[in-house]
>>> print(open('upload.cif').read())   # mmCIF, C-alpha atoms
data_work
#
loop_
_atom_site.group_PDB
_atom_site.id
_atom_site.type_symbol
_atom_site.label_atom_id
_atom_site.label_comp_id
_atom_site.auth_asym_id
_atom_site.auth_seq_id
_atom_site.Cartn_x
_atom_site.Cartn_y
_atom_site.Cartn_z
ATOM 1 C CA MET A 1 113.220 68.648 93.308
ATOM 2 C CA PRO A 2 115.828 71.212 94.481
ATOM 3 C CA CYS A 3 115.408 75.004 94.564
ATOM 4 C CA MET A 4 115.267 76.182 90.953
ATOM 5 C CA PHE A 5 117.536 79.145 91.768
ATOM 6 C CA CYS A 6 120.318 77.855 94.019
ATOM 7 C CA GLY A 7 119.900 74.070 94.022
ATOM 8 C CA SER A 8 119.306 73.792 97.787
ATOM 9 C CA GLU A 9 117.068 70.977 98.963
ATOM 10 C CA LEU A 10 116.410 72.491 102.407
ATOM 11 C CA ASP A 11 113.330 74.411 103.576
ATOM 12 C CA LEU A 12 111.573 74.445 100.187
ATOM 13 C CA THR A 13 108.571 76.712 99.530
ATOM 14 C CA SER A 14 106.129 77.220 96.686
ATOM 15 C CA GLU A 15 107.179 79.694 94.009
ATOM 16 C CA HIS A 16 104.756 81.756 91.924
ATOM 17 C CA VAL A 17 105.382 81.464 88.182
ATOM 18 C CA PHE A 18 103.932 84.959 87.733
ATOM 19 C CA PRO A 19 104.139 87.383 90.734
ATOM 20 C CA ALA A 20 101.189 87.209 93.130
ATOM 21 C CA PHE A 21 100.942 91.029 93.255
ATOM 22 C CA MET A 22 100.035 90.870 89.557
ATOM 23 C CA GLY A 23 97.428 88.171 90.040
ATOM 24 C CA GLY A 24 99.722 85.182 89.605
ATOM 25 C CA GLU A 25 98.134 82.018 90.980
ATOM 26 C CA LEU A 26 100.140 79.281 89.264
ATOM 27 C CA GLU A 27 102.763 77.901 91.668
ATOM 28 C CA VAL A 28 105.621 75.441 91.466
ATOM 29 C CA HIS A 29 105.382 73.327 94.617
ATOM 30 C CA ASP A 30 108.756 73.218 96.427
ATOM 31 C CA GLY A 31 110.170 75.434 93.682
ATOM 32 C CA SER A 32 112.436 77.627 95.803
ATOM 33 C CA CYS A 33 114.162 77.555 99.173
ATOM 34 C CA SER A 34 113.038 80.032 101.829
ATOM 35 C CA SER A 35 116.221 82.088 101.361
ATOM 36 C CA CYS A 36 115.718 82.562 97.616
ATOM 37 C CA ASN A 37 111.976 83.082 98.140
ATOM 38 C CA GLY A 38 112.749 85.897 100.601
ATOM 39 C CA GLN A 39 115.214 87.526 98.235
ATOM 40 C CA PHE A 40 112.734 87.400 95.365
ATOM 41 C CA ALA A 41 109.977 88.751 97.635
ATOM 42 C CA THR A 42 112.127 91.819 98.357
ATOM 43 C CA TRP A 43 112.826 92.294 94.652
ATOM 44 C CA GLU A 44 109.144 91.813 93.745
ATOM 45 C CA GLY A 45 108.175 94.330 96.433
ATOM 46 C CA GLU A 46 110.300 96.956 94.708
ATOM 47 C CA ILE A 47 108.795 96.112 91.323
ATOM 48 C CA LYS A 48 105.328 96.328 92.863
ATOM 49 C CA LYS A 49 106.055 99.848 94.166
ATOM 50 C CA GLN A 50 107.501 100.967 90.832
ATOM 51 C CA THR A 51 104.589 99.580 88.804
ATOM 52 C CA ALA A 52 101.700 100.542 91.142
ATOM 53 C CA LEU A 53 100.433 103.280 88.817
ATOM 54 C CA LEU A 54 100.582 100.975 85.791
ATOM 55 C CA LEU A 55 98.812 98.170 87.693
ATOM 56 C CA HIS A 56 96.185 100.712 88.726
ATOM 57 C CA LEU A 57 95.643 102.147 85.245
ATOM 58 C CA LEU A 58 95.454 98.706 83.641
ATOM 59 C CA GLN A 59 93.189 97.482 86.458
ATOM 60 C CA ILE A 60 95.425 94.480 87.193
ATOM 61 C CA GLN A 61 94.214 92.624 90.268
ATOM 62 C CA ASN A 62 96.471 90.968 92.824
ATOM 63 C CA ARG A 63 95.892 87.417 94.077
ATOM 64 C CA TYR A 64 93.076 88.682 96.330
ATOM 65 C CA GLY A 65 91.267 90.453 93.487
ATOM 66 C CA ASP A 66 92.282 93.937 94.660
ATOM 67 C CA ILE A 67 93.465 96.668 92.304
ATOM 68 C CA PRO A 68 96.063 98.964 93.904
ATOM 69 C CA ASN A 69 95.360 102.626 94.569
ATOM 70 C CA ALA A 70 97.611 105.128 92.832
ATOM 71 C CA ARG A 71 99.232 108.178 94.411
ATOM 72 C CA VAL A 72 98.454 111.293 92.393
ATOM 73 C CA ASP A 73 99.582 114.906 92.581
ATOM 74 C CA VAL A 74 96.679 117.336 92.855
ATOM 75 C CA LYS A 75 96.256 120.984 91.901
ATOM 76 C CA ILE A 76 93.103 122.896 92.795
ATOM 77 C CA ARG A 77 92.242 125.996 90.768
ATOM 78 C CA GLY A 78 92.324 129.140 92.864
ATOM 79 C CA MET A 79 94.489 127.643 95.607
ATOM 80 C CA ASP A 80 98.180 128.350 95.961
ATOM 81 C CA VAL A 81 99.127 125.171 97.836
ATOM 82 C CA GLU A 82 102.120 123.167 96.653
ATOM 83 C CA GLY A 83 102.467 119.437 97.113
ATOM 84 C CA LEU A 84 98.823 118.384 97.407
ATOM 85 C CA SER A 85 98.400 114.699 96.815
ATOM 86 C CA GLY A 86 95.807 112.008 97.016
ATOM 87 C CA LEU A 87 95.029 108.409 96.274
ATOM 88 C CA ARG A 88 93.123 107.457 93.152
ATOM 89 C CA GLU A 89 90.824 104.537 93.822
ATOM 90 C CA PRO A 90 90.217 101.874 91.144
ATOM 91 C CA ASP A 91 86.824 103.454 90.387
ATOM 92 C CA GLY A 92 88.506 106.810 89.604
ATOM 93 C CA THR A 93 87.611 108.541 92.884
ATOM 94 C CA ILE A 94 90.432 110.677 94.265
ATOM 95 C CA ASN A 95 90.784 110.894 98.034
ATOM 96 C CA LEU A 96 92.799 113.960 98.946
ATOM 97 C CA ARG A 97 95.370 113.969 101.739
ATOM 98 C CA ASP A 98 95.896 116.672 104.342
ATOM 99 C CA LYS A 99 98.775 119.030 103.645
ATOM 100 C CA VAL A 100 100.603 121.337 106.039
ATOM 101 C CA GLN A 101 103.251 123.664 104.724
ATOM 102 C CA GLU A 102 105.504 126.264 106.283
ATOM 103 C CA ASN A 103 105.976 129.594 104.556
ATOM 104 C CA VAL A 104 108.092 132.618 105.389
ATOM 105 C CA LYS A 105 106.248 135.913 105.129
ATOM 106 C CA SER A 106 107.824 139.093 103.789
ATOM 107 C CA ASP A 107 108.507 140.261 107.377
ATOM 108 C CA GLY A 108 110.617 137.116 107.983
ATOM 109 C CA LYS A 109 108.102 135.321 110.201
ATOM 110 C CA LYS A 110 107.409 131.646 109.697
ATOM 111 C CA HIS A 111 103.803 130.753 109.087
ATOM 112 C CA ARG A 112 102.288 127.266 109.020
ATOM 113 C CA GLU A 113 99.097 126.697 107.115
ATOM 114 C CA GLY A 114 97.189 123.662 106.079
ATOM 115 C CA PHE A 115 94.779 122.199 103.615
ATOM 116 C CA PHE A 116 92.518 119.693 105.337
ATOM 117 C CA VAL A 117 90.005 117.259 103.916
ATOM 118 C CA SER A 118 87.966 117.040 107.099
ATOM 119 C CA GLU A 119 86.896 119.258 109.968
ATOM 120 C CA GLU A 120 88.461 116.723 112.344
ATOM 121 C CA SER A 121 91.879 117.059 110.683
ATOM 122 C CA ALA A 122 91.685 120.850 110.833
ATOM 123 C CA GLU A 123 90.726 120.753 114.516
ATOM 124 C CA LYS A 124 93.710 118.493 115.301
ATOM 125 C CA PHE A 125 96.020 120.961 113.532
ATOM 126 C CA ILE A 126 94.520 123.880 115.476
ATOM 127 C CA ALA A 127 94.839 122.030 118.792
ATOM 128 C CA LYS A 128 98.477 121.181 118.069
ATOM 129 C CA ALA A 129 99.211 124.808 117.131
ATOM 130 C CA ARG A 130 97.611 125.979 120.378
ATOM 131 C CA GLN A 131 99.776 123.541 122.339
ATOM 132 C CA GLU A 132 102.816 124.982 120.572
ATOM 133 C CA VAL A 133 101.712 128.480 121.592
ATOM 134 C CA LYS A 134 101.644 127.381 125.236
ATOM 135 C CA ARG A 135 105.184 125.954 124.986
ATOM 136 C CA GLN A 136 106.655 129.001 123.241
ATOM 137 C CA PRO A 137 105.994 132.307 125.044
ATOM 138 C CA ASN A 138 106.881 134.369 121.928
ATOM 139 C CA CYS A 139 104.414 132.496 119.724
ATOM 140 C CA GLN A 140 101.248 134.395 118.782
ATOM 141 C CA SER A 141 98.097 132.327 118.398
ATOM 142 C CA ARG A 142 95.804 132.550 115.391
ATOM 143 C CA LYS A 143 92.870 130.395 114.444
ATOM 144 C CA THR A 144 94.765 127.947 112.207
ATOM 145 C CA SER A 145 98.424 128.790 112.473
ATOM 146 C CA CYS A 146 101.301 129.640 114.712
ATOM 147 C CA THR A 147 103.654 132.446 113.805
ATOM 148 C CA THR A 148 107.211 132.590 115.162
ATOM 149 C CA ARG A 149 110.134 134.839 114.420
ATOM 150 C CA HIS A 150 112.403 133.583 111.677
ATOM 151 C CA THR A 151 116.019 133.426 112.828
ATOM 152 C CA ASN A 152 119.022 132.713 110.685
#
>>> encode(input="upload.cif", output="structure tokens")
Amino acid sequence: MPCMFCGSELDLTSEHVFPAFMGGELEVHDGSCSSCNGQFATWEGEIKKQTALLLHLLQIQNRYGDIPNARVDVKIRGMDVEGLSGLREPDGTINLRDKVQENVKSDGKKHREGFFVSEESAEKFIAKARQEVKRQPNCQSRKTSCTTRHTN
């Protein structure tokens, strides 16, 4: 049986009837050539990315029985931090991600600050800021940030 897409009879592979990332297990043996299979894999990868939230919300398992996590935007009352995000697990748990942002104060100085989900992440940020202080003689050290003059 030739490739169902291009008719080639060389280097045939199995083809999922329904995409594997959506739990498809039914295959057509020698249904596509490796070239067409690769092209469809790229296309399916894009569809997988675009439908990850839907797959997550509908709890659709892939061929290994896993439900994808979903990226979510997060806002925390009382905190003025833009762009917080996290991953929502299939059980509804949200795992926050670290966030570092650069702001410009009213005096024109740049200021980096972060939101960290663990003490270890915060300590890495502090250590990196201290290294930056050592490299830049005009940089003033603070506990969690490095301030430099803003130049246009």
>>> residues_around(input="upload.cif", residues="region 80-92 of chain A", least_positions_apart="2", cutoff="7 Å", atoms="only C-alpha atoms", output="PyMOL selection string")
chain A and resi 56+67+69-75+78+94-97+99
>>> closest_residue(input="upload.cif", among="A:Leu12, A:Met79, A:Met1, A:Val100", to="Cys36 (chain A)", atoms="only C-alpha atoms")
A:Leu12
>>> atom_distance(input="upload.cif", atom1="CA of Ala52 (chain A)", atom2="CA of Asp66 (chain A)")
12.0 Å
>>> residues_around(input="upload.cif", residues="Val17 (chain A)", least_positions_apart="2", cutoff="10 Å", atoms="only C-alpha atoms", output="JSON list (two decimals) with C-alpha atoms, in the coordinates of the input")
[["chain", "number", "residue", "atom", "x", "y", "z"],
["A", 14, "SER", "CA", 106.13, 77.22, 96.69],
["A", 15, "GLU", "CA", 107.18, 79.69, 94.01],
["A", 19, "PRO", "CA", 104.14, 87.38, 90.73],
["A", 20, "ALA", "CA", 101.19, 87.21, 93.13],
["A", 24, "GLY", "CA", 99.72, 85.18, 89.60],
["A", 25, "GLU", "CA", 98.13, 82.02, 90.98],
["A", 26, "LEU", "CA", 100.14, 79.28, 89.26],
["A", 27, "GLU", "CA", 102.76, 77.90, 91.67],
["A", 28, "VAL", "CA", 105.62, 75.44, 91.47],
["A", 31, "GLY", "CA", 110.17, 75.43, 93.68]]
>>> closest_residue(input="upload.cif", among="A:Gly7, A:Gly114, A:Arg77, A:Ala122", to="Ser35 (chain A)", atoms="all atoms listed in the file")
A:Gly7
>>> atom_distance(input="upload.cif", atom1="CA of Gln61 (chain A)", atom2="CA of Val117 (chain A)")
28.5 Å
>>> atom_distance(input="upload.cif", atom1="CA of Phe5 (chain A)", atom2="CA of Asn62 (chain A)")
24.2 Å
